[in-house]
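Novice: Provided below: entry-v2.txt, containing compact mmCIF, C-alpha atoms (C1' of nucleotides).
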# COMPACT_ATOMS: atom_id res chain seq x y z
CA MET E 426 12.11 121.18 61.35
CA LYS E 427 15.18 122.39 59.59
CA ASN E 428 16.18 120.78 56.39
CA ARG E 429 19.08 118.57 57.32
CA GLU E 430 20.77 115.44 56.28
CA ILE E 431 19.03 112.35 57.55
CA SER E 432 21.10 110.90 60.36
CA ASP E 433 21.43 107.26 61.31
CA PRO E 434 19.49 107.42 64.58
CA TYR E 435 16.77 109.30 62.75
CA ARG E 436 16.53 106.49 60.22
CA LEU E 437 16.38 104.03 63.08
CA TYR E 438 13.51 106.07 64.49
CA LEU E 439 11.67 106.06 61.17
CA GLN E 440 12.15 102.35 60.74
CA LEU E 441 10.89 101.53 64.23
CA LEU E 442 7.95 103.84 63.70
CA ARG E 443 7.05 101.94 60.53
CA MET E 444 7.39 98.61 62.33
CA TYR E 445 5.48 99.36 65.50
CA GLY E 446 3.52 102.55 64.95
CA ARG E 447 3.13 105.35 67.44
CA GLN E 448 3.43 104.36 71.10
CA ASN E 449 1.94 107.52 72.61
CA TRP E 450 3.98 107.40 75.79
CA TRP E 451 3.95 107.94 78.76
CA PRO E 452 1.09 105.60 79.78
CA ALA E 453 -0.32 107.69 82.62
CA LYS E 454 -3.39 109.80 83.27
CA THR E 455 -1.69 112.74 84.97
CA LYS E 456 1.71 114.35 85.29
CA PHE E 457 1.92 113.24 88.88
CA GLU E 458 1.34 109.65 87.75
CA VAL E 459 4.25 110.02 85.35
CA ILE E 460 6.51 110.88 88.28
CA ILE E 461 5.26 108.03 90.43
CA GLY E 462 5.45 105.57 87.54
CA ALA E 463 8.97 106.65 86.67
CA ILE E 464 10.16 105.74 90.15
CA LEU E 465 8.15 102.53 90.37
CA THR E 466 9.39 101.22 87.04
CA GLN E 467 13.01 101.23 88.11
CA GLN E 468 14.25 97.69 87.60
CA ALA E 469 10.65 96.44 87.46
CA SER E 470 8.41 95.23 84.65
CA TRP E 471 5.73 97.66 83.57
CA ARG E 472 3.16 94.99 84.29
CA ASN E 473 4.07 95.11 87.98
CA VAL E 474 4.10 98.88 87.92
CA GLU E 475 0.50 98.79 86.71
CA LEU E 476 -0.43 96.63 89.67
CA ALA E 477 1.15 99.13 92.04
CA ILE E 478 -0.50 102.09 90.31
CA ARG E 479 -3.82 100.30 90.57
CA ASN E 480 -3.24 99.77 94.30
CA LEU E 481 -2.55 103.46 94.73
CA ARG E 482 -5.59 104.41 92.69
CA ARG E 483 -7.89 102.16 94.71
CA ARG E 484 -6.80 103.97 97.83
CA LYS E 485 -7.08 107.31 96.07
CA LEU E 486 -3.44 108.07 96.70
CA LEU E 487 -2.64 109.43 93.25
CA THR E 488 -2.89 113.05 94.27
CA MET E 489 0.07 114.71 95.92
CA GLN E 490 -1.79 115.71 99.04
CA ARG E 491 -3.30 112.29 99.63
CA LEU E 492 -0.06 110.47 98.92
CA VAL E 493 2.05 112.60 101.22
CA ASN E 494 -0.44 112.08 104.03
CA ALA E 495 -0.45 108.29 103.65
CA SER E 496 1.66 106.19 105.98
CA ILE E 497 4.78 104.46 104.72
CA ARG E 498 3.15 101.19 105.68
CA THR E 499 0.16 101.90 103.46
CA LEU E 500 2.37 102.98 100.58
CA GLU E 501 4.42 99.79 100.95
CA THR E 502 1.33 97.64 100.49
CA CYS E 503 0.77 99.49 97.23
CA THR E 504 4.35 99.41 95.92
CA TYR E 505 4.88 95.80 96.93
CA PRO E 506 4.48 94.18 93.47
CA THR E 507 7.25 96.28 91.91
CA GLY E 508 10.01 95.03 94.16
CA PHE E 509 12.29 97.29 96.21
CA TYR E 510 8.96 98.26 97.71
CA ARG E 511 10.29 99.71 100.94
CA GLN E 512 12.63 102.21 99.34
CA LYS E 513 10.12 102.99 96.59
CA ALA E 514 7.40 103.76 99.15
CA ARG E 515 9.77 106.05 101.00
CA ARG E 516 11.01 107.68 97.81
CA ILE E 517 7.64 108.51 96.25
CA LYS E 518 6.58 110.03 99.54
CA ASN E 519 9.76 112.10 99.89
CA VAL E 520 9.63 113.30 96.30
CA THR E 521 5.99 114.27 96.70
CA ARG E 522 6.74 116.10 99.94
CA HIS E 523 9.54 117.98 98.22
CA ILE E 524 7.32 119.08 95.34
CA LEU E 525 4.57 120.16 97.72
CA SER E 526 6.95 122.14 99.88
CA LYS E 527 8.56 123.89 96.92
CA THR E 528 5.46 124.79 94.96
CA ARG E 529 2.55 124.74 97.40
CA GLY E 530 0.95 121.95 95.41
CA ASN E 531 1.34 123.38 91.94
CA LEU E 532 3.08 120.63 89.98
CA ASN E 533 3.23 122.72 86.83
CA ARG E 534 5.22 125.39 88.59
CA PHE E 535 7.68 122.72 89.65
CA LEU E 536 8.03 121.41 86.10
CA GLU E 537 8.04 124.66 84.19
CA LYS E 538 11.38 125.89 85.38
CA PRO E 539 14.23 126.00 82.84
CA LEU E 540 15.49 122.56 81.86
CA GLU E 541 18.89 122.66 83.56
CA LYS E 542 17.44 124.02 86.77
CA SER E 543 14.64 121.44 86.88
CA ARG E 544 17.00 118.61 86.12
CA ALA E 545 19.52 119.61 88.76
CA GLU E 546 16.76 119.86 91.34
CA LEU E 547 15.34 116.45 90.45
CA LEU E 548 18.80 114.88 90.69
CA THR E 549 19.19 116.05 94.28
CA LEU E 550 16.21 113.91 95.32
CA ASP E 551 16.80 110.43 96.72
CA GLY E 552 15.69 107.86 94.17
CA ILE E 553 15.82 110.10 91.13
CA GLY E 554 18.83 109.49 88.90
CA LYS E 555 19.45 110.60 85.35
CA GLU E 556 17.01 108.33 83.59
CA THR E 557 14.15 108.96 85.99
CA ALA E 558 14.79 112.70 85.94
CA ASP E 559 14.93 112.82 82.16
CA SER E 560 11.80 110.69 81.80
CA ILE E 561 9.93 113.03 84.11
CA LEU E 562 11.19 116.07 82.22
CA LEU E 563 10.31 114.63 78.82
CA TYR E 564 6.90 113.14 79.58
CA ALA E 565 5.61 115.36 82.37
CA GLY E 566 7.67 118.50 81.90
CA ASN E 567 7.36 118.82 78.11
CA GLN E 568 11.12 119.31 77.86
CA SER E 569 13.13 118.03 74.91
CA ILE E 570 15.54 115.74 76.70
CA LEU E 571 16.11 112.10 75.87
CA PRO E 572 16.23 109.46 78.61
CA ILE E 573 18.82 106.74 78.03
CA ASP E 574 17.74 103.44 79.52
CA ALA E 575 19.38 100.03 79.51
CA TYR E 576 17.48 99.14 76.33
CA THR E 577 18.83 102.17 74.53
CA LEU E 578 22.39 101.26 75.51
CA ARG E 579 21.87 97.74 74.18
CA VAL E 580 20.09 98.66 70.99
CA MET E 581 22.73 101.26 70.19
CA ALA E 582 25.53 98.80 70.97
CA ARG E 583 24.08 95.78 69.15
CA VAL E 584 22.14 97.28 66.30
CA MET E 585 24.07 100.45 65.58
CA ASP E 586 27.43 99.25 66.81
CA ARG E 587 27.88 102.28 69.02
CA GLU E 588 29.03 101.83 72.58
CA GLY E 589 28.75 104.57 75.13
CA ASP E 590 27.69 105.59 78.59
CA TYR E 591 24.62 107.59 79.55
CA ASP E 592 26.01 111.05 78.95
CA SER E 593 27.82 110.38 75.72
CA LEU E 594 24.88 108.55 74.13
CA GLN E 595 22.49 111.25 75.22
CA VAL E 596 24.65 113.95 73.69
CA TYR E 597 25.05 111.94 70.51
CA LEU E 598 21.37 111.08 70.05
CA GLN E 599 20.18 114.57 70.87
CA GLU E 600 22.66 115.86 68.35
CA MET E 601 21.43 113.46 65.68
CA LEU E 602 17.66 113.57 66.21
CA PRO E 603 15.45 116.52 65.36
CA ARG E 604 14.98 118.40 68.59
CA GLU E 605 11.23 117.85 68.79
CA LEU E 606 9.29 116.76 71.84
CA ASP E 607 7.19 114.28 69.92
CA ILE E 608 10.19 112.62 68.28
CA TYR E 609 12.08 112.28 71.55
CA ARG E 610 9.02 110.77 73.20
CA GLU E 611 8.39 108.30 70.42
CA PHE E 612 12.05 107.42 69.96
CA HIS E 613 12.44 106.36 73.57
CA ALA E 614 9.15 104.47 73.56
CA LEU E 615 9.97 102.70 70.30
CA ILE E 616 13.38 101.60 71.55
CA VAL E 617 11.70 99.96 74.53
CA LYS E 618 9.09 98.39 72.30
CA HIS E 619 11.71 96.96 69.98
CA ALA E 620 13.91 95.75 72.81
CA LYS E 621 10.99 93.87 74.38
CA LYS E 622 9.87 92.51 71.06
CA THR E 623 13.31 91.20 70.19
CA CYS E 624 14.33 90.01 73.64
CA LEU E 625 17.56 91.97 73.59
CA ASN E 626 18.81 90.35 76.75
CA ALA E 627 21.92 91.27 78.62
CA LYS E 628 23.71 88.19 77.32
CA PRO E 629 24.34 88.20 73.57
CA ASN E 630 23.41 84.50 73.35
CA CYS E 631 20.52 84.35 75.71
CA ALA E 632 19.33 80.77 76.14
CA ASN E 633 15.76 81.92 76.60
CA CYS E 634 15.78 84.01 73.49
CA ARG E 635 13.40 82.67 70.85
CA VAL E 636 13.63 85.66 68.65
CA ASP E 637 14.17 86.04 64.97
CA PRO E 638 17.80 87.16 64.73
CA CYS E 639 16.88 89.34 61.79
CA LEU E 640 15.28 91.72 64.20
CA TYR E 641 18.67 92.49 65.66
CA ASN E 642 19.91 93.65 62.31
CA LEU E 643 17.39 96.06 60.94
CA GLU E 644 19.23 96.82 57.80
CA ARG E 645 20.59 100.10 56.65
CA TYR E 646 20.06 102.35 59.57
C1' DA L 995 17.52 76.87 89.43
C1' DC L 996 18.53 80.31 87.07
C1' DC L 997 17.89 85.14 84.29
C1' DC L 998 15.56 89.34 83.60
C1' DA L 999 12.73 93.69 84.39
C1' DG L 1000 11.80 101.06 81.07
C1' DG L 1001 17.70 102.11 88.12
C1' DT L 1002 19.68 104.28 92.15
C1' DG L 1003 22.91 105.09 95.76
C1' DG L 1004 26.68 103.70 98.61
C1' DC L 1005 31.13 102.03 99.04
C1' DC L 1006 35.69 100.83 97.34
C1' DC L 1007 39.92 101.74 94.74
C1' DG U 715 36.56 107.42 86.26
C1' DG U 716 34.92 102.27 86.86
C1' DG U 717 33.47 97.80 89.53
C1' DC U 718 30.83 95.74 93.02
C1' DC U 719 26.78 95.47 96.05
C1' DA U 720 21.94 95.90 98.21
C1' DC U 721 17.40 96.81 97.24
C1' DA U 722 12.92 92.61 96.15
C1' DT U 723 8.70 90.99 93.65
C1' DG U 724 6.91 88.51 89.60
C1' DG U 725 7.37 86.29 85.01
C1' DG U 726 9.79 83.29 81.65
What do you get writing this file as C-alpha cells?
Specialist:
Amino acid sequence: MKNREISDPYRLYLQLLRMYGRQNWWPAKTKFEVIIGAILTQQASWRNVELAIRNLRRRKLLTMQRLVNASIRTLETCTYPTGFYRQKARRIKNVTRHILSKTRGNLNRFLEKPLEKSRAELLTLDGIGKETADSILLYAGNQSILPIDAYTLRVMARVMDREGDYDSLQVYLQEMLPRELDIYREFHALIVKHAKKTCLNAKPNCANCRVDPCLYNLERY
DNA sequence: ACCCAGGTGGCCC
DNA sequence: GGGCCACATGGG
C-alpha cells in the first residue's frame, strides 16, 4: 500500500478491527452460496438466512444445476424463513438460470469479467440491486468494490457525521480507504458487526435500545 | 402491539 | 431526483 495520510474512515476501520477482530466474511462455503446468501439476506436477519441455506443444503440444491432444476414450490419451502420467500425463490432460480445460460456452468467465468461489465450485468437481473451486486463482486468476484448497506449509511451518519446516498458514500469511502480486497471485505463486515453490537436502530432514540451510548461515539475517528 | 432485519422494484410526481 | 408502497417470516 502506498504511503498516504491516514484518513478518517481508515481510522474507523482500524478502531473497529481492534474492537472486534477479523470477521472473515462472507460466511459461505462456495461462491455460489455467496450469491444465494446475498439475495436471501435482503431485509432478513442472517439467522433466518442460515435456516434457508440449511434447507437448501439438505435438499442438495446448492449447486447451480440442481437449483435451477428444482421447482419454485420446492425452493419456496427452503426460502420460507427469510421472508419475501416467493420472490426470493423466483429470483435465485432466475439468477442461477442466467449464469448457467451465459457461462455454461462456469461461475468463475461469469465473475471474472471486468468490474464495470460484471456489475452492469448483475444489475440487469431481477432482485439484484447495487448492494447485492457489490457484495457478490467483493466476496465472490474478488473485486475491490465496497457495498453500502443500511448499517453503513447509519454508522457514517451517526458516528462520522456524514450523510449521503449509496453512490456518494461509496465514492467517498473507496476514495478514503486503501484499495485492497481484504480491507474492503473487513470494513463492510466490521460495520455490520458494530451496528448489531450497538443496536444502531433506525430511530435515534430507540426504546428497545439498551446499548452503551459510548459505543456511538468512538472517539477520534 | 409495535419495531427491526446485511433490499429491490414499481409507481407516482 | 425523491417519497411511498408491496414483498413476509422471525426475533426482541
Novice: Counting all atoms listed in the file, which residues of chain U fall within 7 Å of chain E, and what is the closest atom pair for each with its distance in Å at one decimal, ordered by chain and rising number, as JSON lines?
Specialist:
{"residue": "U:DC721", "atom": "C1'", "partner": "E:Phe509", "partner_atom": "CA", "distance": 5.2}
{"residue": "U:DA722", "atom": "C1'", "partner": "E:Gly508", "partner_atom": "CA", "distance": 4.3}
{"residue": "U:DT723", "atom": "C1'", "partner": "E:Gly508", "partner_atom": "CA", "distance": 4.3}
Novice: Taking only C-alpha atoms (C1' of nucleotides) into account and nothing else, which residues of chain E lie no more than 7 Å away from chain L? Please answer as a list in words.
Specialist: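 Interface list for chain E against chain L: Thr466, Gln467, Gln468, Ala469, Ser470, Gly552, Gly554, Asp574 and Val617 of chain E.
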Novice: For each of E:Leu548, E:Ala614, E:Gly589, E:Leu481, take the minimum atom-to-atom distance to Leu571 in chain E, counting all atoms listed in the file, then give the residue where this is smallest.
Specialist: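 Residue with the minimum atom-to-atom distance to Leu571 in chain E: E:Ala614.
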Novice: Counting all atoms listed in the file, note down every residue that has an atom within 12 Å of the point (24.3, 112.3, 72.4) (file coordinates), as a PyMOL selection string.
Specialist: chain E and resi 434+570-573+577-578+581+587-602+604
Novice: Which residue is closest to Phe457 in chain E? Choose from E:Ser569, E:Ser526, E:Gln440, E:Asn533 and count all atoms listed in the file.
Specialist: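 Once distances to Phe457 in chain E are computed over all atoms listed in the file, the minimum belongs to E:Asn533.
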Novice: At a cut-off of 12 Å around the point (4.5, 105.2, 88.3) (file coordinates), what residues fall inside when counting all atoms listed in the file? I'd like the answer as an NGL selection string.
Specialist: (:E and (451-467 or 469-482 or 486-487 or 503-504 or 507 or 513-514 or 516-517 or 557 or 560-561 or 565)) or (:L and (1000))
Novice: Suppose you want the space between CA of Gly566 in chain E and CA of Lys538 in chain E; what is it in Å?
Specialist: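 A separation of 9.0 Å between them.
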Novice: Please compute the CA of Gln568 in chain E-CA of Ile553 in chain E distance, one decimal, in Å.
Specialist: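 Value for the CA of Gln568 in chain E-CA of Ile553 in chain E distance: 16.8 Å.
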Novice: Would you compute the distance between CA of Lys618 in chain E and C1' of DG725 in chain U? Give it in Å to one decimal.
Specialist: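 One can read the CA of Lys618 in chain E to C1' of DG725 in chain U distance as 17.6 Å.
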